[in-house]
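**Student:** Quick one: structure below, then a few questions.
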Amino acid sequence: VDKKTDVWQGTLALMVLKTLETIGPLHGYGIARRIEQTSGAQLLVNYGTLYPALLKLEQEGYISSEWGVSDNNRKAKYYRLTRAGRKQVEKEARQWEQTTEIMARFLVPGEERQ
Amino acid sequence: MRRIRAFLLRLGGLSRKGQQDRHLGEEIESHLQLHIDDNLRAGMSPEEARRQAMLRLGGVDQTVEAYRDQRGFPLLDSVLQDLRYGFRVLRRNPGFAMVAMFTLALCIGANTAIFSLVNVVMLRLLPVQHPEQLVELLQKYPGYPRGSLGWSSQSYENLRDNNHAFSELTGTSFDNIARVRTEDSEPEVVVCEFVVGNFFPTLGVKPAIGRLIGSNDTFDKVAVGVAVVSWSYWNSRFHLDPAVLGKQIVVNGQPMVIIGVAARGFWGIRAESRTDVWVPRERTDGISHLLGRLRPDVSIKQVRAEMFVLYQSTLEEIAKTNKDPLVRQRTIEVEPAGTGLARIRDYYAKPLIALTAIVGLLLIIGCSNLASLLLARAVARQREMAVRVSLGAGRGRLIRQVLTESWLLSLMGTLFGIVFAYVSTGVLVRIIGSGREHERFALHVQPDLHLLIFTVAATLVTGLLFGMPTALQSFRTGRASAMRQAGAISETKGSRLFGKSLVASQVAFSIVLLTAATLFVGNLWHLENLDLGFSHGHVLLLSLDPEQGGYKPEQLPRLYQDLLSRLQAIPGVLSASISGVTPIQGAGFGGHFVSAEGYQERPEDRRRGFLEPGCSQVLRNFANTLPCRARF
């Protein structure tokens, strides 16, 4: 039985955007694999939910897509971060950091707070 | 902004389905290929590589479904699907569809027609500023219809100068058969109003061009007066020519200069007829209708209390000069006038409410009729429902589909019904106004927000009413027969009982309507055949207006004598006569009080002599022309 965690609702979009920011244009399968790798094989991406998520990001204008050819000569649809997407990554990353920071304060044991 | 963009793209996604589905298919295919390649490199057998790739994707169909939901609007998609299916079902049963649509068109059309009249008479607000602040003051003698008594200018001034409830109090009188001609045209009969100077400022009506009557404008019998015309009169008579300002018109023989056109859409303060010309009233003349604008902080209850007190002092004033012994019994009423003067509502509110109830019943009969038709059809469609249920259609989805079908029917019924309503409203208005040309009845029925809301609500409720039994029934029996794996027709006891009660209620309601209709027709027949006390067969009525023909008053006696002798000379004419009014027309010139020997005179009799139809001026030979049977 696979004990890896599924990707949480709402975080997949940020992971996709961040991946595209780091790597550059990439196809859906590549994005999914990359997310799994980055998580140190802790996360398991549901490939079926990835494509609707990509479509949503495209509809919102954060990414754009075009057909291309992969390294091993397979036709694939490549996604690319748009300028709006870049801003969105920044914004969401900041919010996420804030959230984790707040959560961390609660979870660190033994520390006295006023 | 992003949301709107996404929304528009999703909307666009609805129309380019085929192409997008192909692209998605290719993308999924390429995803699988890439994954399989990886798996092969990891040393899996080709079959295992493909199997693993498919497994991780979680099923091609599920992915496509999830993708489609994001692309379009899943709810809208299924609604469109239901609509398309509903159309197909109706096309397969054209006979049923025609009967259903005809029934619905009649029911919804009748309701829309009656409501459009209710709307005009009771709901539509006047196109003036803050119509809800307007109230009408009405006075009457006990036992008389309200508003039957006009106001003297002294009473008006007393109320205007001593009240604390109104920011403005104004008044107007109507001449429904004013004769108006322009410099170069024949006279025509129009509706004219004689208004107090503050009439337009009180209502807050603005001029379309020129200016409106103000407090300084007075009616002057010697000099040339001023007049304001309505937009529609400006349109029909002057073709919207701005040069109308300064033109002279002659109103009832008095020359007037047009100083302005009232705002488009303002046709006076009566819901039932439209004013063409406004003229300042003569300062000493009586006023037939008083209209006040409440101060914002005053309630109608407060103004009623104040008016009651103020009116008593007004009555004391009147009693000083008026010999009528019953003056002190007059009462005042204050009515909201935001929808126009109260008269039309006094006359037609009750009949209209009765009609609303009748067409409401008609709608219920139509609905139960259709409901039983649909139920019968549902039995035939049980197999289809069973298939749907076994394929996993949920309760909500199944009910929605049946309701979509019935709403589709009621929508189409409404479309035909609107045509029916349009025609029948015109006929109704003509019937109401017929025989009373002098009232210048012109109910202007226009589509507005009230009417739209009513029609939409009627459509939805109707569809729900006749669709719901079938929807629930389909689900129940569909599930039952799905479980039995057969489309065997079976009726539960409950549904049979329901069908029977539908028929029973239809018959019951129909009998009520039929009885009411028979009563109405019987009443009408009795009215038509009422014994009027004179024989009215073979009598022709000829009305003429010699002033329009250019005759001077001093020429009239000769003209009438001449006409009468020429009429009598026509072969076949037994006798001819002239009268100021005709019997049962209900009007007369002033009145004469005739005291007969042996009759005990009551105090109100003498007043009635002045208020009620008196003797009309009748030429000799009248009794020969209209043979009367004297009755005691």
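Ordering of the structure tokens sets the chain letters (A, B, ...); residue numbers start at 1 within each chain; ligands are numbered from 1 in the order shown.
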Give me the residues near Thr339 of chain B as number ranges by chain, where near means some atom within 9 Å (using only C-alpha atoms) and where sequence neighbours in that chain fewer than 3 positions away do not count.
**Tutor:** B: 120-126, 131-132, 134, 269-271, 336, 342
**Student:** Name all residues at most 9 Å from segment 20-23 of chain A (count only C-alpha atoms; drop same-chain ones fewer than 4 positions away) and give them as a CSV table (one decimal) with all heavy atoms, in the first residue's frame.
**Tutor:**
chain,number,residue,atom,x,y,z
A,15,MET,N,2.0,24.8,-6.6
A,15,MET,CA,3.1,23.9,-7.0
A,15,MET,C,3.3,23.9,-8.5
A,15,MET,O,4.5,23.9,-8.9
A,15,MET,CB,2.8,22.5,-6.5
A,15,MET,CG,2.8,22.3,-5.0
A,15,MET,SD,2.5,20.6,-4.6
A,15,MET,CE,2.1,20.8,-2.9
A,16,VAL,N,2.2,23.9,-9.2
A,16,VAL,CA,2.4,23.9,-10.7
A,16,VAL,C,3.1,25.2,-11.1
A,16,VAL,O,4.0,25.2,-11.9
A,16,VAL,CB,1.0,23.8,-11.4
A,16,VAL,CG1,1.1,24.1,-12.8
A,16,VAL,CG2,0.4,22.4,-11.2
A,31,ILE,N,5.3,18.1,-15.4
A,31,ILE,CA,5.0,18.9,-14.2
A,31,ILE,C,4.7,17.9,-13.0
A,31,ILE,O,5.2,18.1,-11.9
A,31,ILE,CB,3.8,19.8,-14.4
A,31,ILE,CG1,4.1,20.8,-15.5
A,31,ILE,CG2,3.3,20.5,-13.2
A,31,ILE,CD1,2.9,21.6,-16.0
A,63,ILE,N,-1.1,30.8,-16.9
A,63,ILE,CA,-0.2,30.0,-17.8
A,63,ILE,C,-0.8,30.0,-19.2
A,63,ILE,O,-2.0,30.3,-19.4
A,63,ILE,CB,-0.1,28.5,-17.3
A,63,ILE,CG1,-1.4,27.8,-17.2
A,63,ILE,CG2,0.6,28.5,-16.0
A,63,ILE,CD1,-1.4,26.4,-16.9
A,79,TYR,N,3.2,23.8,-21.2
A,79,TYR,CA,2.7,24.9,-20.4
A,79,TYR,C,3.8,25.9,-20.1
A,79,TYR,O,4.9,25.5,-19.8
A,79,TYR,CB,1.9,24.5,-19.2
A,79,TYR,CG,0.7,23.7,-19.5
A,79,TYR,CD1,0.8,22.3,-19.7
A,79,TYR,CD2,-0.5,24.3,-19.7
A,79,TYR,CE1,-0.4,21.5,-20.1
A,79,TYR,CE2,-1.7,23.6,-20.0
A,79,TYR,CZ,-1.6,22.2,-20.2
A,79,TYR,OH,-2.7,21.5,-20.6
A,80,ARG,N,3.4,27.2,-20.1
A,80,ARG,CA,4.4,28.2,-19.9
A,80,ARG,C,3.8,29.3,-18.9
A,80,ARG,O,2.6,29.6,-19.0
A,80,ARG,CB,4.8,28.9,-21.2
A,80,ARG,CG,5.6,30.1,-21.2
A,80,ARG,CD,5.5,30.8,-22.5
A,80,ARG,NE,5.9,30.0,-23.6
A,80,ARG,CZ,7.1,29.7,-24.0
A,80,ARG,NH1,8.1,30.3,-23.4
A,80,ARG,NH2,7.4,29.0,-25.1
A,81,LEU,N,4.6,29.8,-18.0
A,81,LEU,CA,4.1,30.8,-17.1
A,81,LEU,C,4.0,32.1,-17.8
A,81,LEU,O,4.9,32.5,-18.5
A,81,LEU,CB,5.2,30.9,-15.9
A,81,LEU,CG,4.7,31.5,-14.6
A,81,LEU,CD1,3.6,30.5,-14.0
A,81,LEU,CD2,5.8,31.6,-13.6
A,85,GLY,N,1.1,35.1,-14.2
A,85,GLY,CA,1.4,33.9,-13.5
A,85,GLY,C,2.6,34.2,-12.5
A,85,GLY,O,2.6,33.8,-11.4
A,86,ARG,N,3.6,34.9,-13.0
A,86,ARG,CA,4.8,35.2,-12.2
A,86,ARG,C,4.4,36.0,-11.0
A,86,ARG,O,4.8,35.7,-9.9
A,86,ARG,CB,5.8,36.0,-13.1
A,86,ARG,CG,7.1,35.3,-13.3
A,86,ARG,CD,7.9,36.0,-14.3
A,86,ARG,NE,7.9,35.3,-15.6
A,86,ARG,CZ,8.5,34.2,-15.8
A,86,ARG,NH1,9.3,33.6,-14.9
A,86,ARG,NH2,8.5,33.6,-17.0
A,89,VAL,N,2.6,33.8,-8.5
A,89,VAL,CA,3.5,32.9,-7.7
A,89,VAL,C,4.0,33.7,-6.5
A,89,VAL,O,3.9,33.2,-5.4
A,89,VAL,CB,4.6,32.4,-8.6
A,89,VAL,CG1,5.7,31.7,-7.7
A,89,VAL,CG2,4.2,31.6,-9.7
**Student:** Please return, as a list in words, all residues of chain A lying within 9 Å of chain B when only C-alpha atoms are considered.
**Tutor:**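 My answer is His27, Gly28, Tyr29, Gly30, Val45, Asn46, Tyr47, Gly48, Thr49, Leu50, Tyr51, Pro52, Ala53, Leu55, Lys56, Leu57, Glu58, Gln59, Glu60, Gly61, Ser70, Asn72, Arg74, Lys75, Ala76 and Lys77 of chain A.
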**Student:** Counting only C-alpha atoms, which of B:Glu193, B:Asn158, B:Thr202, B:Pro187 gets nearest to Val250 of chain B?
**Tutor:** B:Pro187
**Student:** Figure out the distance between atom CA of Arg105 of chain A and atom CA of Leu44 of chain A, please, to one decimal in Å.
**Tutor:** 27.7 Å
**Student:** Going by DSSP on the backbone, which bits of segment 164-215 of chain B are strand (DSSP E)? Write them as a short mmCIF file (atom, residue, chain, number, x, y, z; two decimals) with C-alpha atoms, in the first residue's frame, please.
**Tutor:**
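Okay, states.cif is ready:
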data_model
loop_
_atom_site.label_atom_id
_atom_site.label_comp_id
_atom_site.auth_asym_id
_atom_site.auth_seq_id
_atom_site.Cartn_x
_atom_site.Cartn_y
_atom_site.Cartn_z
CA PHE B 166 -49.22 68.81 2.63
CA SER B 167 -46.18 70.37 1.07
CA GLU B 168 -48.49 71.27 -1.82
CA LEU B 169 -52.21 71.01 -2.48
CA THR B 170 -53.36 71.32 -6.04
CA GLY B 171 -56.44 70.58 -8.08
CA THR B 172 -57.73 69.90 -11.53
CA SER B 173 -60.96 69.55 -13.48
CA PHE B 174 -61.53 67.55 -16.63
CA ASP B 175 -63.32 68.30 -19.83
CA ASN B 176 -63.43 65.00 -21.67
CA ILE B 177 -65.03 66.49 -24.74
CA ALA B 178 -63.19 69.77 -25.12
CA ARG B 179 -63.27 71.14 -28.65
CA VAL B 180 -59.84 72.16 -29.79
CA ARG B 181 -58.73 73.45 -33.13
CA THR B 182 -55.48 74.88 -34.38
CA GLU B 188 -61.47 67.93 -32.83
CA VAL B 189 -62.61 66.52 -29.51
CA VAL B 190 -59.78 66.10 -27.04
CA VAL B 191 -59.40 65.61 -23.29
CA CYS B 192 -58.62 68.90 -21.61
CA GLU B 193 -57.72 69.65 -18.00
CA PHE B 194 -58.21 72.92 -16.16
CA VAL B 195 -55.50 72.98 -13.55
CA PRO B 207 -41.50 70.10 -19.74
CA ALA B 208 -40.20 68.31 -22.83
CA ILE B 209 -39.88 71.69 -24.50
CA GLY B 210 -40.95 75.20 -23.52
#
**Student:** Could you please determine the separation between atom CA of Leu212 of chain B and atom CA of Glu272 of chain B in Å, to one decimal place?
**Tutor:**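 Rounded to one decimal, the two atoms are 22.9 Å apart.
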**Student:** Enumerate the residues of segment 132-262 of chain B with a DSSP assignment of alpha helix (DSSP H), computed from the backbone, and present them as a ChimeraX atom specification.
**Tutor:** /B:153-162,199-203,231-238
**Student:** Between atom CA of Leu513 of chain B and atom CA of Ile453 of chain B, what is the spacing in Å?
**Tutor:**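 Result for atom CA of Ile453 of chain B versus atom CA of Leu513 of chain B: 26.7 Å, one decimal.
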**Student:** Tell me, as a list in words, which residues lie within 12 Å of Lys91 of chain A, counting only C-alpha atoms; anything in the same chain fewer than 5 positions away does not count.
**Tutor:**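 My list of contacting residues is Leu14, Leu17, Lys18, Ala84, Gly85, Arg86, Trp96, Glu97 and Gln98 of chain A.
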**Student:** Determine, counting only C-alpha atoms, which protein, DNA and RNA residues have an atom within 10 Å of an atom of segment 307-309 of chain B; residues of the same chain fewer than 6 positions away are not included. Present the result as a PyMOL selection string.
**Tutor:** chain B and resi 137+159+162-165+301+331-334
